[in-house]
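Notes for the one structure printed next.
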Amino acid sequence: MTYTSLLKCWIESGQNRAASRAEDIVNLMHQRYNDGHEECKPDTLLYNVAMNALAKSKEPYTAERSEALLNRMLDAYNAGDTDLTPTTQSFSTAILAWARTNDLKGAQKAEELLQTMHQLDKSGVKSVAPNKICYTTCILAWKNSNCKDAGRRADDLLQKMEGSEKKGLNYLKPNAISYTNAMEAWIKSRHPHALKRAEAIMDHMMNRAHYDPESAPSTLSFNVLMKAIQHSSLPLKYERAEELLNQMKSMQELGNGRAKPSIVTYNAFFSACAMTEGDTDDKINAFSVVLNALIELQDMDHLHPDTYTWPAVWKACENLLDIERDMTWINRIFELTIKSGHINELLFNNMRRYLPEQYLQSKLKTKTPLNQLTVRDLPNEWTRHAKLGRDQTRRPSNNRSKDVRRKQHSSF
């Protein structure tokens, strides 16, 4: 137990090479046990902790190394060492390590381990019976695989989970995380019917929620569906996005706090609306929806626009508005943006690429070419809530930047 506690301390310390150190401790305990120190005999808990360190590590080849520890446990168990009996957690941790490789091989290996669990369970090793976490993590692996077949493979796993549930194996029934991961698998597959499949999964979750609360969609589930709308081929994306946002608000009003809109929801909503296609009227309608939601957001006490909100809103301006015809609306967004204090380097670069130079110069009370200005030359009010990099101090690079701020401050 002393060495296992030491191992946990290494993991929780967050220090570099914690995973490698975990492997070293496992090897050290084997060596000391072989030298006659009975109290150092490795056990399942030690291996599970070490594998968990590997699964969470950014070191190279952690999935292969985690599975190597699992195989080492299996070999010892098959040789009669019951202290190293593998458990469901042992396998689920190795599956997670493969899921985090973010590639096709990782998804395939994760599902292979799941099949191994079923085989061992049928052979009598009940300690490794798969559960919903194992299946859900395999779905996660397919979501992360960047494979065009990821959605279908995720659906196959969901069907197996539901099939097991019908047989009375409730420990394998899917939950909201399982379904949400499957929705994301469809989105990341870039399949032409990804939105249709994601909506079908959402409808299925809503129906199941009547008798299984664990299947009820969460805010994350809705956010994923909003993302699916953004990346779909649907031309009038703003209509479907607004419908989904209103559905979430209605559910919240009825007392369902599980699916209430978050700032991530609104940011995804703005991004989806920004991708609306169609004629001028369609785009004006889409921007009107964006502006109304932004005003609504700013009036809330519990939610506030963040660093990701404004780039999404400005993308909507760029895609939906005409720089000459719609300058009144653009100016209103500009005033709301500087009032928020969230202008960072990326947003400033986007704004000066989109807005007429004379417009920004007039707002800054300067004739200095914009390509000579940086975000640190902007008034403090514009950037007070933004992250400006490692150096958070606002140092003027020359007298020009001082003059820009002095003139801007005097205009308030």
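Residues are referred to by chain and number: the chain letter is A, B, ... according to the order shown in the structure tokens, the number counts from 1 in that chain, and ligands are numbered separately from 1 in the order shown.
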
Write out as a list in words the residues lying within 9 Å of range 24-31 of chain A, counting only C-alpha atoms and excluding same-chain residues fewer than 4 positions away.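 Here the answer would be Tyr3, Thr4, Leu6, Leu7, Ala19, Ser20, Asp35, Gly36, His37, Cys40, Lys41, Pro42, Leu46, Tyr47 and Ala50 of chain A.
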
Alpha helix (DSSP H) per DSSP on the backbone: members of range 152-308 of chain A, as a ChimeraX atom specification: /A:152-166,176-188,194-208,219-230,237-253,263-274,280-298

Of the residues A:Tyr359, A:Tyr354, A:Trp310, A:Trp382, which is the one nearest to Ile338 in chain A, using only C-alpha atoms?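 With only C-alpha atoms as the atom set, the closest residue is A:Trp382.
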
Which residue out of A:Gly106, A:Gly151, A:Pro174, A:Gly163 has the minimum interatomic distance to Cys134 in chain A when only C-alpha atoms are used? A:Pro174

Long-range neighbours of range 314-318 of chain A as an mmCIF file with C-alpha atoms, in the first residue's frame, 7 Å cut-off, only C-alpha atoms, 6 positions minimum in chain:
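So selection.cif came out as:
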```cif
data_model
loop_
_atom_site.group_PDB
_atom_site.id
_atom_site.type_symbol
_atom_site.label_atom_id
_atom_site.label_comp_id
_atom_site.auth_asym_id
_atom_site.auth_seq_id
_atom_site.Cartn_x
_atom_site.Cartn_y
_atom_site.Cartn_z
ATOM 1 C CA CYS A 273 -26.134 31.353 -37.739
ATOM 2 C CA ALA A 274 -22.990 32.837 -39.278
ATOM 3 C CA PHE A 287 -28.161 38.440 -38.495
ATOM 4 C CA ILE A 330 -21.928 46.856 -37.802
ATOM 5 C CA TYR A 354 -12.932 43.286 -42.105
#
```

Residues of range 95-181 of chain A that approach range 208-232 of chain A to 6 Å or less, counting only C-alpha atoms: could you list each one with the shortest pair of atoms and its distance in Å to one decimal, rows by chain and increasing residue number, as JSON lines?
```
{"residue": "A:Asn175", "atom": "CA", "partner": "A:Ser215", "partner_atom": "CA", "distance": 4.6}
{"residue": "A:Ala176", "atom": "CA", "partner": "A:Ser215", "partner_atom": "CA", "distance": 4.5}
{"residue": "A:Thr180", "atom": "CA", "partner": "A:Ser221", "partner_atom": "CA", "distance": 5.3}
```

Residues of the last selection are to be written out with C-alpha atoms, as a PDB file, in the first residue's frame.
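Okay, result_6.pdb is ready:
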```pdb
ATOM      1  CA  ASN A 175     -26.608   7.063 -20.832  1.00  0.00           C
ATOM      2  CA  ALA A 176     -26.535  10.664 -22.017  1.00  0.00           C
ATOM      3  CA  THR A 180     -23.682  12.479 -26.946  1.00  0.00           C
TER       4      THR A 180
END
```

Do you know which residues are at most 12 Å from Ala63 in chain A counting only C-alpha atoms, after dropping those on the same chain fewer than 4 positions away, and could you put them as a PyMOL selection string? chain A and resi 19+51-59+67-70+91-103+105-107+109-110+113

What would the file look like if the residues just selected were written as a PDB file, in the first residue's frame with C-alpha atoms?
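Final file, selection-v7.pdb:
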```pdb
ATOM      1  CA  ALA A  19       3.724   8.067 -16.076  1.00  0.00           C
ATOM      2  CA  MET A  51      -2.211   2.427 -15.992  1.00  0.00           C
ATOM      3  CA  ASN A  52      -4.316   5.425 -15.015  1.00  0.00           C
ATOM      4  CA  ALA A  53      -1.163   7.542 -14.925  1.00  0.00           C
ATOM      5  CA  LEU A  54      -0.318   6.406 -18.442  1.00  0.00           C
ATOM      6  CA  ALA A  55      -3.849   7.003 -19.734  1.00  0.00           C
ATOM      7  CA  LYS A  56      -3.761  10.613 -18.515  1.00  0.00           C
ATOM      8  CA  SER A  57      -0.191  11.305 -19.632  1.00  0.00           C
ATOM      9  CA  LYS A  58       1.001  13.192 -22.695  1.00  0.00           C
ATOM     10  CA  GLU A  59       4.142  11.092 -22.882  1.00  0.00           C
ATOM     11  CA  GLU A  67      -1.864  -2.186 -22.677  1.00  0.00           C
ATOM     12  CA  ALA A  68       1.547  -3.743 -21.963  1.00  0.00           C
ATOM     13  CA  LEU A  69       0.844  -3.450 -18.231  1.00  0.00           C
ATOM     14  CA  LEU A  70      -2.583  -4.986 -18.784  1.00  0.00           C
ATOM     15  CA  PHE A  91      -9.510  -2.764 -19.133  1.00  0.00           C
ATOM     16  CA  SER A  92     -11.487   0.486 -19.136  1.00  0.00           C
ATOM     17  CA  THR A  93      -8.298   2.404 -18.332  1.00  0.00           C
ATOM     18  CA  ALA A  94      -6.434   0.779 -21.229  1.00  0.00           C
ATOM     19  CA  ILE A  95      -9.393   1.526 -23.503  1.00  0.00           C
ATOM     20  CA  LEU A  96      -9.278   5.172 -22.411  1.00  0.00           C
ATOM     21  CA  ALA A  97      -5.566   5.343 -23.199  1.00  0.00           C
ATOM     22  CA  TRP A  98      -6.273   4.157 -26.745  1.00  0.00           C
ATOM     23  CA  ALA A  99      -9.234   6.530 -27.080  1.00  0.00           C
ATOM     24  CA  ARG A 100      -6.913   9.444 -26.348  1.00  0.00           C
ATOM     25  CA  THR A 101      -4.595   8.622 -29.235  1.00  0.00           C
ATOM     26  CA  ASN A 102      -7.133  10.335 -31.512  1.00  0.00           C
ATOM     27  CA  ASP A 103      -6.633   8.048 -34.491  1.00  0.00           C
ATOM     28  CA  LYS A 105      -5.760   2.587 -34.696  1.00  0.00           C
ATOM     29  CA  GLY A 106      -6.750   3.785 -31.236  1.00  0.00           C
ATOM     30  CA  ALA A 107     -10.444   3.183 -31.955  1.00  0.00           C
ATOM     31  CA  LYS A 109      -7.592  -1.243 -30.395  1.00  0.00           C
ATOM     32  CA  ALA A 110     -10.160   0.064 -27.934  1.00  0.00           C
ATOM     33  CA  LEU A 113     -10.037  -4.750 -25.811  1.00  0.00           C
TER      34      LEU A 113
END
```

Within 10 Å of range 242-249 of chain A, counting only C-alpha atoms, which residues show up once you throw out same-chain ones fewer than 5 positions away? Write them as a list in words, please.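 The residues satisfying every condition are Ser218, Thr219, Phe222, Asn223, Leu225, Met226, Ile229, Lys237, Leu254, Gly255, Asn256, Gly257, Arg258, Ala259, Lys260, Pro261, Ser262, Thr265, Tyr266, Phe269, Phe270, Ala272, Cys273, Ala286, Val289, Val290 and Ala293 of chain A.
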